[in-house]
Amino acid sequence: MAQLELKHLVKVYPFVKVSGILGRRKAAAFLREQRQKPFTTNEGVLAIQDLSLDIQEGEFLVLLGASGCGKSTLLRMIAGLEDVTDGEVVMEGTVINDLPPEERDMAMIFQNYSLYPHFTVYDNIAFPLRNLHTPREKLDPIVRETARLLGLENQLNKRPNQLSGGQLQRVAIGRAIVRRPKLFLMDEPFSNLDAPMRQALRLQVKRLHRELGTTFIYVTHDQAEAFALGTRIALLRDGMLEQVGTPQEIYTRPVNRFVASFVGQPAMNFVEEVPLCWEGGRWTVDLFGQVYALPEALHSGLESRTPGQRITVGIRPVNIELGKGPHQARVEYTEPLGGETLVHLLLPSQKISAVIPDAPEVPVCRKGQDVCFQLNPSRFYLFDQDGNSIFG
């Protein structure tokens, strides 16, 4: 197992150099495009910006974020495949910035399987041990135990072209875990697989983590995957760490509006420019013509606020109840999601969405239908004008 500290990491990709006659115009245009990106310095494009994070021994940390936010770059910096522009990667108290990848005692699993096509499954899994000159009598039981953990006992004599996508990825995982490294790095390993196979492999990876007790760092843009696997989630945006916490903390106590909008499916509704009111010794807000008293749990977070100050109120679609209540809206369209339906509603001032379960007692909503709904103020999320959460 390994404890890892990331201290003020910075990664800058230098601007492309314009040289030569052929292609100079194309290169110059590319350079102008790079310089227009929002996060640039005189040296180049900022991919990771002053990022600090502690990763505990034996935990399963998921790096979550949209494409291009720096997740894979950060993982490659930890692995030694990308140079660190500034800051430190500290493993068990030792700075490893200049340590070659092969000396870091880490195993990395990529999106593509990268198996040797002329090797059998057995030989692919055994390859790292043979590179370490492990004696045959020790190598064989380790390979077979690894295959057992991954359900590959009956596939050992097959070659990669005889395997399914899920089996190929399990072989890649087996090749990574066979030498029992201190740290596992996984870069969107299941993105090429179909949904049922991804779910099955998630369960296997979770079981592996429990049995091996090794530190895992897993990159994904899929929040369902992040919530299913991670003991903690680190949410990135534009190379910066927005929030780190357990899946429950990230979902229930987002630190800002970006986190609240990114986490949770369907996405959170936001009602902007809502004035705060102080009435009868309590804070209230007026939403869609109805006054709601805010729960006392939020009052401590509102102590520094003044009546009339404007905030943003967030409401998750699952917390909007259709079929009763003081509010009226028209159904714009619906999205059946299997066990539930996402209903898009039109109000005079804005659009919102709600989730209703597909149950016999729940009325069916159709396009153009007028429906009523109600809100639960205990499930409101409050954000100030800068987008930061207001907690109690």
# chains A, B, ... in the order shown; residues from 1 in each chain; ligands from 1
>>> closest_atom_pairs(of="segment 307-344 of chain A", to="segment 254-257 of chain A", cutoff="12 Å", atoms="only C-alpha atoms", output="CSV")
residue,atom,partner,partner_atom,distance
A:Ile311,CA,A:Arg257,CA,11.4
A:Thr312,CA,A:Arg257,CA,9.0
A:Val313,CA,A:Arg257,CA,9.8
A:Gly314,CA,A:Arg257,CA,8.4
A:Ile315,CA,A:Arg257,CA,11.5
>>> write_last_selection(atoms="N, CA, C and O atoms", output="compact mmCIF listing (two decimals), in the first residue's frame")
# COMPACT_ATOMS: atom_id res chain seq x y z
N ILE A 311 -29.81 35.51 -3.87
CA ILE A 311 -29.09 34.24 -3.89
C ILE A 311 -29.65 33.38 -5.02
O ILE A 311 -30.61 33.75 -5.70
N THR A 312 -29.02 32.23 -5.22
CA THR A 312 -29.52 31.22 -6.15
C THR A 312 -29.98 30.01 -5.35
O THR A 312 -29.27 29.57 -4.43
N VAL A 313 -31.14 29.49 -5.67
CA VAL A 313 -31.69 28.31 -4.98
C VAL A 313 -31.61 27.13 -5.94
O VAL A 313 -32.07 27.20 -7.08
N GLY A 314 -30.99 26.04 -5.47
CA GLY A 314 -30.90 24.82 -6.25
C GLY A 314 -31.89 23.78 -5.77
O GLY A 314 -32.10 23.62 -4.56
N ILE A 315 -32.53 23.08 -6.70
CA ILE A 315 -33.52 22.04 -6.37
C ILE A 315 -33.26 20.85 -7.29
O ILE A 315 -33.29 21.00 -8.52
>>> closest_residue(among="A:Phe184, A:Phe227, A:Phe30, A:Tyr292", to="Leu375 of chain A", atoms="only C-alpha atoms")
A:Tyr292
>>> closest_residue(among="A:Gly58, A:Gly165, A:Pro307, A:Gly68", to="Leu236 of chain A", atoms="only C-alpha atoms")
A:Gly68
>>> residues_around(residues="Leu99 of chain A", least_positions_apart="6", cutoff="12 Å", atoms="only C-alpha atoms", output="MDAnalysis selection string")
chainID A and resid 77:84 88:91 105:106
>>> residues_around(residues="Leu276 of chain A", least_positions_apart="3", cutoff="9 Å", atoms="only C-alpha atoms", output="PyMOL selection string")
chain A and resi 283-286+305-311
>>> atom_distance(atom1="atom CA of Glu57 of chain A", atom2="atom CA of Leu6 of chain A")
13.8 Å
>>> select_by_dssp(residues="segment 146-230 of chain A", states="strand (DSSP E or B)", output="list in words")
Leu183, Phe184, Leu185, Met186, Asp187, Thr215, Phe216, Ile217, Tyr218, Val219 and Thr220 of chain A
>>> residues_around(residues="segment 192-199 of chain A", least_positions_apart="3", cutoff="8 Å", atoms="only C-alpha atoms", output="list in words")
Gln111, Asn112, Gly165, Gly166, Pro189, Arg202 and Leu203 of chain A
>>> write_last_selection(atoms="all heavy atoms", output="PDB file, in the first residue's frame")
ATOM      1  N   GLN A 111      -7.051   2.788 -21.190  1.00  0.00           N
ATOM      2  CA  GLN A 111      -8.328   2.585 -21.864  1.00  0.00           C
ATOM      3  C   GLN A 111      -8.232   1.474 -22.905  1.00  0.00           C
ATOM      4  O   GLN A 111      -9.127   0.650 -23.041  1.00  0.00           O
ATOM      5  CB  GLN A 111      -8.755   3.891 -22.531  1.00  0.00           C
ATOM      6  CG  GLN A 111     -10.092   3.835 -23.239  1.00  0.00           C
ATOM      7  CD  GLN A 111     -10.497   5.194 -23.785  1.00  0.00           C
ATOM      8  OE1 GLN A 111     -10.006   6.228 -23.353  1.00  0.00           O
ATOM      9  NE2 GLN A 111     -11.382   5.196 -24.745  1.00  0.00           N
ATOM     10  N   ASN A 112      -7.129   1.454 -23.657  1.00  0.00           N
ATOM     11  CA  ASN A 112      -6.903   0.348 -24.585  1.00  0.00           C
ATOM     12  C   ASN A 112      -6.151  -0.762 -23.848  1.00  0.00           C
ATOM     13  O   ASN A 112      -5.409  -0.502 -22.909  1.00  0.00           O
ATOM     14  CB  ASN A 112      -6.122   0.805 -25.815  1.00  0.00           C
ATOM     15  CG  ASN A 112      -4.790   1.439 -25.458  1.00  0.00           C
ATOM     16  OD1 ASN A 112      -4.624   1.931 -24.357  1.00  0.00           O
ATOM     17  ND2 ASN A 112      -3.854   1.435 -26.372  1.00  0.00           N
ATOM     18  N   GLY A 165     -14.351  -8.213 -25.144  1.00  0.00           N
ATOM     19  CA  GLY A 165     -13.787  -6.973 -24.613  1.00  0.00           C
ATOM     20  C   GLY A 165     -13.614  -7.000 -23.109  1.00  0.00           C
ATOM     21  O   GLY A 165     -12.598  -6.549 -22.574  1.00  0.00           O
ATOM     22  N   GLY A 166     -14.615  -7.541 -22.404  1.00  0.00           N
ATOM     23  CA  GLY A 166     -14.520  -7.620 -20.946  1.00  0.00           C
ATOM     24  C   GLY A 166     -13.391  -8.535 -20.499  1.00  0.00           C
ATOM     25  O   GLY A 166     -12.676  -8.242 -19.533  1.00  0.00           O
ATOM     26  N   PRO A 189     -10.603   2.714 -17.765  1.00  0.00           N
ATOM     27  CA  PRO A 189     -10.353   1.401 -18.371  1.00  0.00           C
ATOM     28  C   PRO A 189     -11.574   0.751 -19.003  1.00  0.00           C
ATOM     29  O   PRO A 189     -11.423  -0.167 -19.805  1.00  0.00           O
ATOM     30  CB  PRO A 189      -9.848   0.574 -17.184  1.00  0.00           C
ATOM     31  CG  PRO A 189     -10.464   1.208 -15.985  1.00  0.00           C
ATOM     32  CD  PRO A 189     -10.513   2.680 -16.297  1.00  0.00           C
ATOM     33  N   ARG A 202     -16.945  -3.287 -12.832  1.00  0.00           N
ATOM     34  CA  ARG A 202     -16.886  -2.420 -11.638  1.00  0.00           C
ATOM     35  C   ARG A 202     -16.963  -3.254 -10.375  1.00  0.00           C
ATOM     36  O   ARG A 202     -16.241  -3.015  -9.401  1.00  0.00           O
ATOM     37  CB  ARG A 202     -18.023  -1.398 -11.657  1.00  0.00           C
ATOM     38  CG  ARG A 202     -17.820  -0.250 -12.600  1.00  0.00           C
ATOM     39  CD  ARG A 202     -18.637   0.961 -12.194  1.00  0.00           C
ATOM     40  NE  ARG A 202     -20.056   0.730 -12.180  1.00  0.00           N
ATOM     41  CZ  ARG A 202     -20.877   1.033 -13.169  1.00  0.00           C
ATOM     42  NH1 ARG A 202     -20.397   1.555 -14.283  1.00  0.00           N
ATOM     43  NH2 ARG A 202     -22.173   0.823 -13.064  1.00  0.00           N
ATOM     44  N   LEU A 203     -17.862  -4.235 -10.365  1.00  0.00           N
ATOM     45  CA  LEU A 203     -17.990  -5.105  -9.193  1.00  0.00           C
ATOM     46  C   LEU A 203     -16.706  -5.881  -8.953  1.00  0.00           C
ATOM     47  O   LEU A 203     -16.276  -6.056  -7.801  1.00  0.00           O
ATOM     48  CB  LEU A 203     -19.163  -6.068  -9.390  1.00  0.00           C
ATOM     49  CG  LEU A 203     -20.558  -5.445  -9.378  1.00  0.00           C
ATOM     50  CD1 LEU A 203     -21.612  -6.483  -9.747  1.00  0.00           C
ATOM     51  CD2 LEU A 203     -20.870  -4.844  -8.011  1.00  0.00           C
TER      52      LEU A 203
END
>>> residues_around(residues="Ala354 of chain A", least_positions_apart="3", cutoff="6 Å", atoms="only C-alpha atoms", output="PyMOL selection string")
chain A and resi 317+320+342-343
>>> closest_residue(among="A:Arg159, A:His327, A:Arg104, A:Lys367", to="Leu183 of chain A", atoms="only C-alpha atoms")
A:Arg104
>>> residues_around(residues="Glu225 of chain A", least_positions_apart="2", cutoff="10 Å", atoms="only C-alpha atoms", output="PyMOL selection string")
chain A and resi 62+64+188+190+198-199+202+218-223+227-230
>>> decode(residues="segment 107-142 of chain A", atoms="N, CA and C atoms", output="PDB file, in the first residue's frame")
ATOM      1  N   ALA A 107       1.359   0.398 -11.019  1.00  0.00           N
ATOM      2  CA  ALA A 107       0.860  -0.285 -12.214  1.00  0.00           C
ATOM      3  C   ALA A 107      -0.254   0.560 -12.810  1.00  0.00           C
ATOM      4  N   MET A 108      -0.196   0.773 -14.135  1.00  0.00           N
ATOM      5  CA  MET A 108      -1.183   1.619 -14.787  1.00  0.00           C
ATOM      6  C   MET A 108      -1.971   0.803 -15.801  1.00  0.00           C
ATOM      7  N   ILE A 109      -3.295   0.974 -15.780  1.00  0.00           N
ATOM      8  CA  ILE A 109      -4.196   0.280 -16.699  1.00  0.00           C
ATOM      9  C   ILE A 109      -4.852   1.342 -17.575  1.00  0.00           C
ATOM     10  N   PHE A 110      -4.721   1.170 -18.892  1.00  0.00           N
ATOM     11  CA  PHE A 110      -5.162   2.185 -19.835  1.00  0.00           C
ATOM     12  C   PHE A 110      -6.532   1.826 -20.424  1.00  0.00           C
ATOM     13  N   GLN A 111      -7.051   2.788 -21.190  1.00  0.00           N
ATOM     14  CA  GLN A 111      -8.328   2.585 -21.864  1.00  0.00           C
ATOM     15  C   GLN A 111      -8.232   1.474 -22.905  1.00  0.00           C
ATOM     16  N   ASN A 112      -7.129   1.454 -23.657  1.00  0.00           N
ATOM     17  CA  ASN A 112      -6.903   0.348 -24.585  1.00  0.00           C
ATOM     18  C   ASN A 112      -6.151  -0.762 -23.848  1.00  0.00           C
ATOM     19  N   TYR A 113      -6.319  -1.984 -24.278  1.00  0.00           N
ATOM     20  CA  TYR A 113      -5.866  -3.124 -23.480  1.00  0.00           C
ATOM     21  C   TYR A 113      -4.356  -3.317 -23.531  1.00  0.00           C
ATOM     22  N   SER A 114      -3.712  -2.975 -24.653  1.00  0.00           N
ATOM     23  CA  SER A 114      -2.263  -3.061 -24.801  1.00  0.00           C
ATOM     24  C   SER A 114      -1.714  -4.442 -24.446  1.00  0.00           C
ATOM     25  N   LEU A 115      -2.388  -5.479 -24.931  1.00  0.00           N
ATOM     26  CA  LEU A 115      -1.916  -6.848 -24.701  1.00  0.00           C
ATOM     27  C   LEU A 115      -1.038  -7.291 -25.869  1.00  0.00           C
ATOM     28  N   TYR A 116      -0.191  -8.275 -25.603  1.00  0.00           N
ATOM     29  CA  TYR A 116       0.641  -8.842 -26.658  1.00  0.00           C
ATOM     30  C   TYR A 116      -0.195  -9.869 -27.421  1.00  0.00           C
ATOM     31  N   PRO A 117      -0.483  -9.612 -28.719  1.00  0.00           N
ATOM     32  CA  PRO A 117      -1.423 -10.485 -29.438  1.00  0.00           C
ATOM     33  C   PRO A 117      -0.908 -11.904 -29.665  1.00  0.00           C
ATOM     34  N   HIS A 118       0.428 -12.084 -29.670  1.00  0.00           N
ATOM     35  CA  HIS A 118       0.984 -13.410 -29.923  1.00  0.00           C
ATOM     36  C   HIS A 118       1.184 -14.208 -28.632  1.00  0.00           C
ATOM     37  N   PHE A 119       0.891 -13.578 -27.488  1.00  0.00           N
ATOM     38  CA  PHE A 119       0.990 -14.274 -26.198  1.00  0.00           C
ATOM     39  C   PHE A 119      -0.374 -14.852 -25.824  1.00  0.00           C
ATOM     40  N   THR A 120      -0.359 -15.934 -25.057  1.00  0.00           N
ATOM     41  CA  THR A 120      -1.593 -16.430 -24.445  1.00  0.00           C
ATOM     42  C   THR A 120      -1.952 -15.546 -23.259  1.00  0.00           C
ATOM     43  N   VAL A 121      -3.145 -15.766 -22.713  1.00  0.00           N
ATOM     44  CA  VAL A 121      -3.551 -15.040 -21.510  1.00  0.00           C
ATOM     45  C   VAL A 121      -2.547 -15.294 -20.388  1.00  0.00           C
ATOM     46  N   TYR A 122      -2.130 -16.532 -20.245  1.00  0.00           N
ATOM     47  CA  TYR A 122      -1.157 -16.882 -19.202  1.00  0.00           C
ATOM     48  C   TYR A 122       0.124 -16.072 -19.379  1.00  0.00           C
ATOM     49  N   ASP A 123       0.631 -16.022 -20.600  1.00  0.00           N
ATOM     50  CA  ASP A 123       1.893 -15.326 -20.847  1.00  0.00           C
ATOM     51  C   ASP A 123       1.755 -13.816 -20.694  1.00  0.00           C
ATOM     52  N   ASN A 124       0.594 -13.274 -21.068  1.00  0.00           N
ATOM     53  CA  ASN A 124       0.384 -11.839 -20.869  1.00  0.00           C
ATOM     54  C   ASN A 124       0.402 -11.480 -19.386  1.00  0.00           C
ATOM     55  N   ILE A 125      -0.282 -12.277 -18.572  1.00  0.00           N
ATOM     56  CA  ILE A 125      -0.304 -12.010 -17.130  1.00  0.00           C
ATOM     57  C   ILE A 125       1.077 -12.224 -16.516  1.00  0.00           C
ATOM     58  N   ALA A 126       1.786 -13.238 -17.015  1.00  0.00           N
ATOM     59  CA  ALA A 126       3.091 -13.579 -16.434  1.00  0.00           C
ATOM     60  C   ALA A 126       4.211 -12.642 -16.863  1.00  0.00           C
ATOM     61  N   PHE A 127       3.983 -11.835 -17.898  1.00  0.00           N
ATOM     62  CA  PHE A 127       5.056 -11.029 -18.481  1.00  0.00           C
ATOM     63  C   PHE A 127       5.791 -10.153 -17.459  1.00  0.00           C
ATOM     64  N   PRO A 128       5.096  -9.386 -16.593  1.00  0.00           N
ATOM     65  CA  PRO A 128       5.835  -8.555 -15.633  1.00  0.00           C
ATOM     66  C   PRO A 128       6.708  -9.377 -14.687  1.00  0.00           C
ATOM     67  N   LEU A 129       6.247 -10.565 -14.277  1.00  0.00           N
ATOM     68  CA  LEU A 129       7.037 -11.403 -13.380  1.00  0.00           C
ATOM     69  C   LEU A 129       8.265 -11.959 -14.087  1.00  0.00           C
ATOM     70  N   ARG A 130       8.127 -12.295 -15.360  1.00  0.00           N
ATOM     71  CA  ARG A 130       9.288 -12.789 -16.113  1.00  0.00           C
ATOM     72  C   ARG A 130      10.323 -11.694 -16.298  1.00  0.00           C
ATOM     73  N   ASN A 131       9.854 -10.444 -16.448  1.00  0.00           N
ATOM     74  CA  ASN A 131      10.803  -9.326 -16.541  1.00  0.00           C
ATOM     75  C   ASN A 131      11.594  -9.161 -15.255  1.00  0.00           C
ATOM     76  N   LEU A 132      10.964  -9.568 -14.138  1.00  0.00           N
ATOM     77  CA  LEU A 132      11.655  -9.508 -12.836  1.00  0.00           C
ATOM     78  C   LEU A 132      12.439 -10.789 -12.542  1.00  0.00           C
ATOM     79  N   HIS A 133      12.480 -11.697 -13.521  1.00  0.00           N
ATOM     80  CA  HIS A 133      13.215 -12.972 -13.396  1.00  0.00           C
ATOM     81  C   HIS A 133      12.705 -13.810 -12.228  1.00  0.00           C
ATOM     82  N   THR A 134      11.373 -13.810 -12.077  1.00  0.00           N
ATOM     83  CA  THR A 134      10.764 -14.626 -11.033  1.00  0.00           C
ATOM     84  C   THR A 134      10.900 -16.105 -11.401  1.00  0.00           C
ATOM     85  N   PRO A 135      11.377 -16.948 -10.487  1.00  0.00           N
ATOM     86  CA  PRO A 135      11.522 -18.387 -10.787  1.00  0.00           C
ATOM     87  C   PRO A 135      10.186 -19.015 -11.163  1.00  0.00           C
ATOM     88  N   ARG A 136      10.240 -20.020 -12.034  1.00  0.00           N
ATOM     89  CA  ARG A 136       9.044 -20.675 -12.548  1.00  0.00           C
ATOM     90  C   ARG A 136       8.170 -21.212 -11.424  1.00  0.00           C
ATOM     91  N   GLU A 137       8.781 -21.808 -10.406  1.00  0.00           N
ATOM     92  CA  GLU A 137       7.998 -22.420  -9.341  1.00  0.00           C
ATOM     93  C   GLU A 137       7.233 -21.385  -8.513  1.00  0.00           C
ATOM     94  N   LYS A 138       7.699 -20.124  -8.510  1.00  0.00           N
ATOM     95  CA  LYS A 138       6.974 -19.065  -7.813  1.00  0.00           C
ATOM     96  C   LYS A 138       5.995 -18.362  -8.746  1.00  0.00           C
ATOM     97  N   LEU A 139       6.381 -18.265 -10.018  1.00  0.00           N
ATOM     98  CA  LEU A 139       5.577 -17.531 -10.978  1.00  0.00           C
ATOM     99  C   LEU A 139       4.235 -18.199 -11.232  1.00  0.00           C
ATOM    100  N   ASP A 140       4.238 -19.495 -11.435  1.00  0.00           N
ATOM    101  CA  ASP A 140       3.022 -20.205 -11.839  1.00  0.00           C
ATOM    102  C   ASP A 140       1.873 -20.051 -10.846  1.00  0.00           C
ATOM    103  N   PRO A 141       2.092 -20.299  -9.540  1.00  0.00           N
ATOM    104  CA  PRO A 141       0.953 -20.136  -8.623  1.00  0.00           C
ATOM    105  C   PRO A 141       0.433 -18.701  -8.534  1.00  0.00           C
ATOM    106  N   ILE A 142       1.334 -17.716  -8.709  1.00  0.00           N
ATOM    107  CA  ILE A 142       0.897 -16.315  -8.652  1.00  0.00           C
ATOM    108  C   ILE A 142       0.005 -16.000  -9.848  1.00  0.00           C
TER     109      ILE A 142
END
